[in-house]
Amino acid sequence: GTPAVVLDLDRVDANVDAIVDAIPPPLRYRIVEKSLPSLDLLAYVAARSGSERFMVLHLPFLAPLCDAFPRAEVLMGKAHVTDAVRSFFDGLPAGADREALAGRVAWLADGPSRLAELIALAEALGLSLRVAIEIDVGLHRSGLREPASLAPMLEAIDATAAVELDRLEHRR
C-alpha cells in the first residue's frame, strides 16, 4: 500500500550522458528540480552529470536543495512575487548565511516592474540579489516580449548595487 517509484538507472544514465554530451561549451547542464523532485535523485543526476547547477520552480524546494547541495548554483525557474522572495529569506533559520545564499540563487525579473520590486527588496534586506532577465521566446508564458524593454532594465541594474545581472550560462 505504499507508493514507490521504480527507475531504470541504466536509462537514466544514458539520458544524462546524452544531454551532457549534446551541450556545447561554454554552456553547461542545469538540472531541473520539477522533473526530479527528490533530493536523492537530484544527487544521483548531479554526480552522474558533474553539474551542481539547478533550476528550481517550486520555492519551498529551494532551501532544502541549497542545504543538500552547499555549492549549488540555482536559477529560480519562474518569477516569484516579491512577498514570496521576502518570505523565503525571512524563513531561513537563525544563523543562516543569507548573504552567501543570495549569492547562489538567481531570481527572474520578467519585466521592469518585477525588477524594481527585486531592487527594493534587496535594499530592504541589505543583500545583493542576483537577477536574470526572462525573455519571452515565443511561448507567451512570461518574460519580456518587447526588445525595447531590455535596455531600461539593464540600465536599472547598472545604476544600483542592490542587484547584479547574472550571466547564467557563462559562470564557471
# chains A, B, ... in the order shown; residues from 1 in each chain; ligands from 1
call {"tool": "select_by_dssp", "arguments": {"residues": "chain A", "states": "strand (DSSP E or B)", "output": "list in words"}}
result
Ile31, Val32, Arg53, Phe54, Met55, Val56, Glu73, Val74, Leu75, Met76, Val105, Ala106, Trp107, Leu108, Ala109, Leu129, Arg130, Val131, Ala132, Ile133, Ile135, Leu144, Val163, Glu164 and Leu165 of chain A
call {"tool": "write_last_selection", "arguments": {"atoms": "C-alpha atoms", "output": "compact mmCIF listing (two decimals), in the first residue's frame"}}
result
# COMPACT_ATOMS: atom_id res chain seq x y z
CA ILE A 31 19.28 20.00 -13.51
CA VAL A 32 15.57 20.85 -13.18
CA ARG A 53 23.63 23.83 -11.42
CA PHE A 54 19.91 23.59 -10.75
CA MET A 55 16.67 25.19 -11.84
CA VAL A 56 14.06 25.31 -9.09
CA GLU A 73 24.16 27.43 -8.27
CA VAL A 74 20.41 27.89 -8.59
CA LEU A 75 18.18 29.65 -11.08
CA MET A 76 14.63 30.17 -9.93
CA VAL A 105 20.45 31.98 -6.32
CA ALA A 106 19.38 33.98 -9.38
CA TRP A 107 15.85 35.38 -9.30
CA LEU A 108 13.92 36.02 -12.50
CA ALA A 109 12.87 39.51 -13.45
CA LEU A 129 20.47 39.73 -5.21
CA ARG A 130 21.39 38.08 -8.49
CA VAL A 131 18.79 38.58 -11.20
CA ALA A 132 18.28 37.07 -14.60
CA ILE A 133 16.06 38.77 -17.13
CA ILE A 135 12.74 36.89 -22.23
CA LEU A 144 9.86 40.42 -21.92
CA VAL A 163 21.19 43.57 -7.73
CA GLU A 164 23.63 42.15 -10.21
CA LEU A 165 22.88 40.70 -13.61
call {"tool": "residues_around", "arguments": {"residues": "A:Val85", "least_positions_apart": "5", "cutoff": "9 Å", "atoms": "only C-alpha atoms", "output": "VMD selection string"}}
result
chain A and resid 59 80 90 107 118 121
call {"tool": "atom_distance", "arguments": {"atom1": "atom CA of A:Ala162", "atom2": "atom CA of A:Ala79"}}
result
17.7 Å
call {"tool": "select_by_dssp", "arguments": {"residues": "chain A", "states": "helix (DSSP H, G or I)", "output": "ChimeraX atom specification"}}
result
/A:9-22,39-49,59-68,82-90,98-102,112-125,147-158,168-170
call {"tool": "closest_residue", "arguments": {"among": "A:Val16, A:Cys66, A:Leu7, A:Ala124", "to": "A:Ala96", "atoms": "only C-alpha atoms"}}
result
A:Cys66
call {"tool": "atom_distance", "arguments": {"atom1": "atom CA of A:Asp21", "atom2": "atom CA of A:Lys34"}}
result
21.9 Å
call {"tool": "closest_residue", "arguments": {"among": "A:Pro24, A:Asp17, A:Val137, A:Pro37", "to": "A:Val5", "atoms": "only C-alpha atoms"}}
result
A:Pro37
